[in-house]
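Let me begin by presenting the structure, written as structure tokens, before commenting on it.
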Amino acid sequence: MTEPIIDPIINVDHVTKSYGSFTVLKDLCFSVMPGEKLALIGPSGSGKTTILRTLMTLERIDSGFVRVDGDYLFHMERNGRVVPADEAHLHRMRAKIGMVFQLFNLFPHKTVLENVTLAPMLTKGVRAAEAQRRAMELLEMVGMAGKANSMPAALSGGQKQRVAIARALALQPRIMLFDEVTSALDPELVEEVLNVMRMLGTQTDMTMLLVTHEMSFAHDFADRVLFFDRGRIVEEGPPGEIFTNPRHERTQTFLKKIIAAGQRI
Amino acid sequence: MGDWSGYIGLMLDGARVTVELTVLGCALALPVAFAAGLGRLSRFWAVRALALAYIEFFRGTSIFVQLFWAYFVLPLIGFELTPLQAGVLALGLNVGAYGAEVVRSAVQSIGREQHEACVALNLTRWQGLRHVLLPQAFVVMIPTFGNNAIELLKATSVVSLISLTDLTFQAQVVRSQTGSTAIPFLTVLVIYFALASMISFGMKTLERRMTRGLDGIRH
């Protein structure tokens, strides 16, 4: 049986990035297929968060190419030549991508509802009533409709993160990036956020990339796991393989440490 | 002693001029502070340089000299200003320069994570500034703006040097006409203090209103 030919939605092509003398991404290459759920794991400083931030254009790369949905992310074609992207190009590209942050990054001066309606109204010109109707649907979905008129400061961490997910979804991105979204939460609040993500995983065809330390969640959730170490992908494969039968010595060491720290995989 | 009511009337006229200068000066200083403060954060080199030059010039030279320029030198190149206009211009631009640094530092004090949320939600730089960064930064600016407004109030006394009949000028008039020094200057002291207290109180009220909800309870 031949696989139908589908182009990857994300293509990272020989990307290198340094902070001073520290190389955080080393000649990195990988692709993500549309709808794929990808877990990025690895020790801290391995570059997994940097690659998410790069895809969101919060970081720039030193060399290489990133393609998203067929277009260059940091470059554009002009008169047949590839030149660095301008702000308008980045703006167009960002419309395809949403991100949820470790520390939620909600707007503290706006209500929960306003947090969700602001970007669709500003960037897509959605009318207030329509934006509110859709925002309420999303808040309903993440179980936060009852807090629509609360200020973020009145919410628990788990509630904030569910609002942040609704806020990112309101722009209907094709790709969602989750950067350690449960790391800042009290243990008893982790599950309510993971439940929302499970639901997104099964009910949408969004491409999802998550950086996580929740190995058992990554195991159940991801189609594929990338293990990062020192700016490279050391090993990748389906979670069943990576978690139960890691081939590379560094992956084995990392997983042993995780298990020793008390996590179930 | 029946003259005292006349003298008090004179001082109140002066107080009216002082209030007028303060209000108009602030009305000029505020937009100038935002323009120059945001100019300092511009992506464009020329805008940043222009804003910096304005701020450093007006912070680095005396308000007396600035006032004399506005009133005595500008007419030489064809800009004839009334004493009130010259006073408002000098005060507004002088305090605006200090205010610009307040605007800049307040915007920069808003955490990077707010800026990143704006990028992730695909807001343009201006949209992020207008809807996310400035509303939060404004709360930070209010107390220092209050100080600046009080500084402006006190600086209005320099306009007596270009024969504008403000509070300080009228106190001098009363002093020379009555020979009494302590009473007019005590009155002036009390009036300035009362005006400054009103600014203080207004700013505190504004700050309370603006921060409502940020601690978790709205209205």
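Please note that chains go A, B, ... in the order of the structure tokens, that every chain numbers its residues from 1, and that ligands are numbered from 1 in the order shown.
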How close does each residue of chain A get to chain B, giving the shortest atom pair and distance in Å to one decimal for every residue with an atom at most 8 Å away, counting only C-alpha atoms, sorted by chain and residue number, as a tab-separated table?
```
residue	atom	partner	partner_atom	distance
A:Met56	CA	B:Ala120	CA	6.4
A:Thr57	CA	B:Val119	CA	8.0
A:Leu58	CA	B:Glu116	CA	6.9
A:His91	CA	B:Asn122	CA	6.3
A:Arg94	CA	B:Asn122	CA	5.9
A:Ala95	CA	B:Asn122	CA	6.3
A:Ile97	CA	B:Ala120	CA	7.6
A:Gly98	CA	B:Ala120	CA	6.0
A:Met99	CA	B:Ala120	CA	5.9
A:Asn105	CA	B:Glu113	CA	5.8
A:Leu106	CA	B:Gln114	CA	7.5
A:Phe107	CA	B:Val132	CA	6.9
A:Pro108	CA	B:Leu214	CA	6.2
A:His109	CA	B:Leu214	CA	6.0
A:Ala119	CA	B:Leu121	CA	6.0
A:Leu122	CA	B:Leu123	CA	7.1
A:Thr123	CA	B:Leu123	CA	6.3
A:Ser150	CA	B:Arg218	CA	7.1
A:Met151	CA	B:Gly216	CA	5.5
A:Pro152	CA	B:Gly216	CA	6.7
A:Ala153	CA	B:Gly216	CA	4.4
A:Ala154	CA	B:Gly216	CA	4.1
A:Leu155	CA	B:Gly216	CA	7.8
A:Ala168	CA	B:Leu121	CA	6.9
A:Leu171	CA	B:Leu121	CA	7.5
```
Checklist entry - range 110-255 of chain A: which residues are strand (DSSP E or B) by DSSP, as a ChimeraX atom specification? => result /A:175-179,207-211,224-229,232-237
Taking C-alpha atoms for each residue, export the selection above as a PDB file, in the first residue's frame.
```
ATOM      1  CA  ILE A 175      -0.801  24.707  14.543  1.00  0.00           C
ATOM      2  CA  MET A 176      -0.821  24.948  18.331  1.00  0.00           C
ATOM      3  CA  LEU A 177       2.337  25.110  20.397  1.00  0.00           C
ATOM      4  CA  PHE A 178       2.189  24.163  24.073  1.00  0.00           C
ATOM      5  CA  ASP A 179       5.263  25.211  26.038  1.00  0.00           C
ATOM      6  CA  THR A 207      -1.311  20.063  14.473  1.00  0.00           C
ATOM      7  CA  MET A 208      -0.060  20.139  18.052  1.00  0.00           C
ATOM      8  CA  LEU A 209       3.499  20.412  19.328  1.00  0.00           C
ATOM      9  CA  LEU A 210       4.071  20.161  23.023  1.00  0.00           C
ATOM     10  CA  VAL A 211       7.115  20.552  25.166  1.00  0.00           C
ATOM     11  CA  ARG A 224       5.520  10.833  17.782  1.00  0.00           C
ATOM     12  CA  VAL A 225       8.120  11.821  20.346  1.00  0.00           C
ATOM     13  CA  LEU A 226      11.285  13.804  19.666  1.00  0.00           C
ATOM     14  CA  PHE A 227      14.031  13.502  22.258  1.00  0.00           C
ATOM     15  CA  PHE A 228      16.221  16.622  22.320  1.00  0.00           C
ATOM     16  CA  ASP A 229      19.657  16.876  23.793  1.00  0.00           C
ATOM     17  CA  ARG A 232      19.856  18.182  18.439  1.00  0.00           C
ATOM     18  CA  ILE A 233      17.223  15.509  18.058  1.00  0.00           C
ATOM     19  CA  VAL A 234      18.971  12.445  19.419  1.00  0.00           C
ATOM     20  CA  GLU A 235      16.129  10.025  18.905  1.00  0.00           C
ATOM     21  CA  GLU A 236      12.594  10.051  17.595  1.00  0.00           C
ATOM     22  CA  GLY A 237       9.788   7.589  17.171  1.00  0.00           C
TER      23      GLY A 237
END
```
Checklist entry - Could you pull out the helix (DSSP H, G or I) residues of range 43-91 of chain B from DSSP and send them as number ranges by chain? => result B: 45-60, 63-77, 83-91
Item to check | Shell of 12 Å around range 70-85 of chain A, only C-alpha atoms, local chain residues under 3 positions omitted, as an NGL selection string | outcome: :A and (6-13 or 15 or 31-34 or 54-67 or 88-97)
Only N, CA and C atoms, please: the residues just picked out, written as a JSON list (two decimals), in the first residue's frame.
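And here is the file that came out, again.json:
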```
[["chain", "number", "residue", "atom", "x", "y", "z"],
["A", 6, "ILE", "N", 1.49, 13.72, 1.19],
["A", 6, "ILE", "CA", 1.03, 14.94, 1.85],
["A", 6, "ILE", "C", 2.27, 15.74, 2.23],
["A", 7, "ASP", "N", 2.22, 17.03, 2.00],
["A", 7, "ASP", "CA", 3.36, 17.86, 2.38],
["A", 7, "ASP", "C", 3.33, 18.10, 3.88],
["A", 8, "PRO", "N", 4.50, 18.13, 4.50],
["A", 8, "PRO", "CA", 4.53, 18.46, 5.93],
["A", 8, "PRO", "C", 4.03, 19.89, 6.16],
["A", 9, "ILE", "N", 3.40, 20.11, 7.31],
["A", 9, "ILE", "CA", 2.92, 21.47, 7.62],
["A", 9, "ILE", "C", 4.04, 22.30, 8.23],
["A", 10, "ILE", "N", 4.99, 21.61, 8.86],
["A", 10, "ILE", "CA", 6.18, 22.30, 9.38],
["A", 10, "ILE", "C", 7.41, 21.58, 8.87],
["A", 11, "ASN", "N", 8.34, 22.36, 8.35],
["A", 11, "ASN", "CA", 9.59, 21.77, 7.92],
["A", 11, "ASN", "C", 10.74, 22.62, 8.46],
["A", 12, "VAL", "N", 11.53, 22.02, 9.33],
["A", 12, "VAL", "CA", 12.68, 22.71, 9.91],
["A", 12, "VAL", "C", 13.91, 22.15, 9.22],
["A", 13, "ASP", "N", 14.65, 23.04, 8.56],
["A", 13, "ASP", "CA", 15.67, 22.60, 7.63],
["A", 13, "ASP", "C", 17.03, 23.19, 8.01],
["A", 15, "VAL", "N", 18.46, 24.17, 10.80],
["A", 15, "VAL", "CA", 18.35, 25.42, 11.57],
["A", 15, "VAL", "C", 19.38, 25.45, 12.70],
["A", 31, "SER", "N", 10.41, 17.37, 10.40],
["A", 31, "SER", "CA", 9.16, 17.76, 9.75],
["A", 31, "SER", "C", 7.99, 17.32, 10.60],
["A", 32, "VAL", "N", 6.88, 18.01, 10.45],
["A", 32, "VAL", "CA", 5.66, 17.64, 11.15],
["A", 32, "VAL", "C", 4.55, 17.56, 10.12],
["A", 33, "MET", "N", 3.78, 16.49, 10.16],
["A", 33, "MET", "CA", 2.70, 16.33, 9.20],
["A", 33, "MET", "C", 1.44, 17.01, 9.73],
["A", 34, "PRO", "N", 0.55, 17.43, 8.83],
["A", 34, "PRO", "CA", -0.69, 18.08, 9.29],
["A", 34, "PRO", "C", -1.46, 17.16, 10.23],
["A", 54, "THR", "N", 10.81, 29.63, 18.43],
["A", 54, "THR", "CA", 11.22, 29.99, 17.08],
["A", 54, "THR", "C", 10.03, 29.89, 16.12],
["A", 55, "LEU", "N", 9.26, 28.82, 16.24],
["A", 55, "LEU", "CA", 8.10, 28.65, 15.35],
["A", 55, "LEU", "C", 7.09, 29.78, 15.57],
["A", 56, "MET", "N", 7.04, 30.31, 16.82],
["A", 56, "MET", "CA", 6.10, 31.41, 17.09],
["A", 56, "MET", "C", 6.72, 32.76, 16.71],
["A", 57, "THR", "N", 7.92, 32.74, 16.15],
["A", 57, "THR", "CA", 8.70, 33.94, 15.76],
["A", 57, "THR", "C", 9.10, 34.80, 16.96],
["A", 58, "LEU", "N", 9.13, 34.19, 18.14],
["A", 58, "LEU", "CA", 9.62, 34.92, 19.31],
["A", 58, "LEU", "C", 11.14, 34.90, 19.35],
["A", 59, "GLU", "N", 11.73, 33.99, 18.59],
["A", 59, "GLU", "CA", 13.19, 33.93, 18.46],
["A", 59, "GLU", "C", 13.51, 33.94, 16.97],
["A", 60, "ARG", "N", 14.66, 34.46, 16.62],
["A", 60, "ARG", "CA", 15.13, 34.42, 15.24],
["A", 60, "ARG", "C", 16.21, 33.36, 15.12],
["A", 61, "ILE", "N", 16.40, 32.85, 13.90],
["A", 61, "ILE", "CA", 17.41, 31.82, 13.70],
["A", 61, "ILE", "C", 18.65, 32.43, 13.04],
["A", 62, "ASP", "N", 19.78, 31.76, 13.24],
["A", 62, "ASP", "CA", 21.02, 32.27, 12.65],
["A", 62, "ASP", "C", 21.18, 31.76, 11.22],
["A", 63, "SER", "N", 20.82, 30.51, 11.00],
["A", 63, "SER", "CA", 20.91, 29.98, 9.64],
["A", 63, "SER", "C", 19.92, 28.85, 9.47],
["A", 64, "GLY", "N", 19.68, 28.47, 8.23],
["A", 64, "GLY", "CA", 18.71, 27.42, 7.94],
["A", 64, "GLY", "C", 17.39, 28.02, 7.50],
["A", 65, "PHE", "N", 16.42, 27.16, 7.28],
["A", 65, "PHE", "CA", 15.10, 27.60, 6.83],
["A", 65, "PHE", "C", 14.01, 26.91, 7.63],
["A", 66, "VAL", "N", 12.94, 27.64, 7.89],
["A", 66, "VAL", "CA", 11.75, 27.04, 8.48],
["A", 66, "VAL", "C", 10.62, 27.27, 7.50],
["A", 67, "ARG", "N", 9.88, 26.22, 7.17],
["A", 67, "ARG", "CA", 8.71, 26.39, 6.32],
["A", 67, "ARG", "C", 7.47, 26.00, 7.12],
["A", 88, "ALA", "N", 5.19, 42.37, 7.69],
["A", 88, "ALA", "CA", 3.91, 41.97, 7.10],
["A", 88, "ALA", "C", 3.88, 40.47, 6.82],
["A", 89, "HIS", "N", 5.01, 39.94, 6.37],
["A", 89, "HIS", "CA", 5.08, 38.50, 6.10],
["A", 89, "HIS", "C", 4.95, 37.72, 7.42],
["A", 90, "LEU", "N", 5.70, 38.15, 8.42],
["A", 90, "LEU", "CA", 5.63, 37.48, 9.72],
["A", 90, "LEU", "C", 4.19, 37.51, 10.25],
["A", 91, "HIS", "N", 3.53, 38.65, 10.06],
["A", 91, "HIS", "CA", 2.15, 38.81, 10.52],
["A", 91, "HIS", "C", 1.24, 37.78, 9.83],
["A", 92, "ARG", "N", 1.41, 37.62, 8.53],
["A", 92, "ARG", "CA", 0.61, 36.63, 7.80],
["A", 92, "ARG", "C", 0.89, 35.22, 8.31],
["A", 93, "MET", "N", 2.17, 34.92, 8.55],
["A", 93, "MET", "CA", 2.54, 33.57, 8.96],
["A", 93, "MET", "C", 2.05, 33.25, 10.37],
["A", 94, "ARG", "N", 2.10, 34.25, 11.25],
["A", 94, "ARG", "CA", 1.68, 34.02, 12.64],
["A", 94, "ARG", "C", 0.22, 33.65, 12.74],
["A", 95, "ALA", "N", -0.56, 34.03, 11.74],
["A", 95, "ALA", "CA", -1.99, 33.72, 11.77],
["A", 95, "ALA", "C", -2.23, 32.22, 11.77],
["A", 96, "LYS", "N", -1.26, 31.44, 11.32],
["A", 96, "LYS", "CA", -1.44, 29.98, 11.24],
["A", 96, "LYS", "C", -1.07, 29.30, 12.55],
["A", 97, "ILE", "N", -0.45, 30.05, 13.47],
["A", 97, "ILE", "CA", 0.17, 29.42, 14.63],
["A", 97, "ILE", "C", -0.34, 30.06, 15.93]]
```
Item to check | Shell around Leu50 in chain B at 8 Å using only C-alpha atoms, local window under 4 positions removed, as JSON, numbers by chain | outcome: {"B": [39, 46, 54]}
Checklist entry - Counting only C-alpha atoms, which of B:Leu38, B:Ala194, B:Leu129, B:Leu89 gets nearest to Glu101 in chain B? => result B:Leu38
Item to check | Surrounding residues of range 175-177 of chain B excluding itself and chain neighbours under 4 positions, 12 Å, only C-alpha atoms, as a ChimeraX atom specification | outcome: /B:3-4,6-8,10-11,168-171,181-188
For the residues selected in the previous step, produce a file with N, CA and C atoms as a compact mmCIF listing (two decimals), in the first residue's frame.
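Wrote selection.txt, looks like this:
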```txt
# COMPACT_ATOMS: atom_id res chain seq x y z
N ASP B 3 -8.24 97.15 53.41
CA ASP B 3 -7.54 96.85 52.17
C ASP B 3 -7.29 95.36 51.99
N TRP B 4 -7.28 94.62 53.08
CA TRP B 4 -6.89 93.21 53.01
C TRP B 4 -7.77 92.41 52.06
N GLY B 6 -9.10 93.47 49.41
CA GLY B 6 -8.60 93.75 48.06
C GLY B 6 -7.35 92.96 47.76
N TYR B 7 -6.45 92.89 48.77
CA TYR B 7 -5.21 92.15 48.56
C TYR B 7 -5.47 90.67 48.36
N ILE B 8 -6.44 90.18 49.14
CA ILE B 8 -6.77 88.74 48.98
C ILE B 8 -7.33 88.50 47.60
N LEU B 10 -6.54 90.08 44.98
CA LEU B 10 -5.36 90.12 44.10
C LEU B 10 -4.66 88.76 44.07
N MET B 11 -4.49 88.20 45.28
CA MET B 11 -3.81 86.90 45.38
C MET B 11 -4.62 85.80 44.71
N THR B 168 2.80 83.99 42.68
CA THR B 168 4.03 84.52 43.26
C THR B 168 4.19 86.01 42.92
N PHE B 169 3.87 86.37 41.69
CA PHE B 169 3.95 87.77 41.26
C PHE B 169 3.06 88.64 42.13
N GLN B 170 1.82 88.19 42.35
CA GLN B 170 0.87 88.97 43.13
C GLN B 170 1.31 89.09 44.58
N ALA B 171 1.96 88.05 45.09
CA ALA B 171 2.46 88.13 46.46
C ALA B 171 3.50 89.25 46.57
N THR B 181 5.53 91.28 54.83
CA THR B 181 6.19 90.19 54.10
C THR B 181 5.62 88.84 54.49
N ALA B 182 5.47 88.65 55.81
CA ALA B 182 5.10 87.32 56.29
C ALA B 182 3.71 86.91 55.80
N ILE B 183 2.77 87.85 55.89
CA ILE B 183 1.39 87.46 55.59
C ILE B 183 1.17 87.10 54.12
N PRO B 184 1.60 87.92 53.16
CA PRO B 184 1.42 87.48 51.77
C PRO B 184 2.15 86.18 51.45
N PHE B 185 3.35 86.04 51.95
CA PHE B 185 4.09 84.81 51.61
C PHE B 185 3.52 83.59 52.32
N LEU B 186 2.94 83.81 53.52
CA LEU B 186 2.28 82.69 54.18
C LEU B 186 1.04 82.27 53.37
N THR B 187 0.29 83.27 52.89
CA THR B 187 -0.88 82.98 52.09
C THR B 187 -0.51 82.19 50.83
N VAL B 188 0.58 82.65 50.18
CA VAL B 188 1.05 81.97 48.98
C VAL B 188 1.39 80.51 49.28
```
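In this comparison, which uses only C-alpha atoms, the residue of B:Ile77, B:Ile55, B:Val140, B:Leu12 approaching Ala29 in chain B most closely is B:Ile55.
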Checklist outcome for this item: Computed gap from CA of Leu91 in chain B to CA of Lys154 in chain B is 10.3 Å
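Remark: for Pro143 in chain B, the closest of the candidate residues B:Phe201, B:Phe79, B:Phe58, B:Phe44 is B:Phe201 (distances computed over only C-alpha atoms).
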Checklist entry - Hey, what's within 8 Å of Val107 in chain B if we count only C-alpha atoms and toss same-chain stuff fewer than 4 positions away? As number ranges by chain, please? => result B: 103, 133-134, 137
Item to check | Polymer residues at most 10 Å from Ile265 in chain A, only C-alpha atoms, same-chain spacing of 2 or more positions, as a count of residues only | outcome: 14
Checklist entry - Just how far from CA of Ser157 in chain B is CA of Ala97 in chain B, in Å to one decimal? => result 18.9 Å
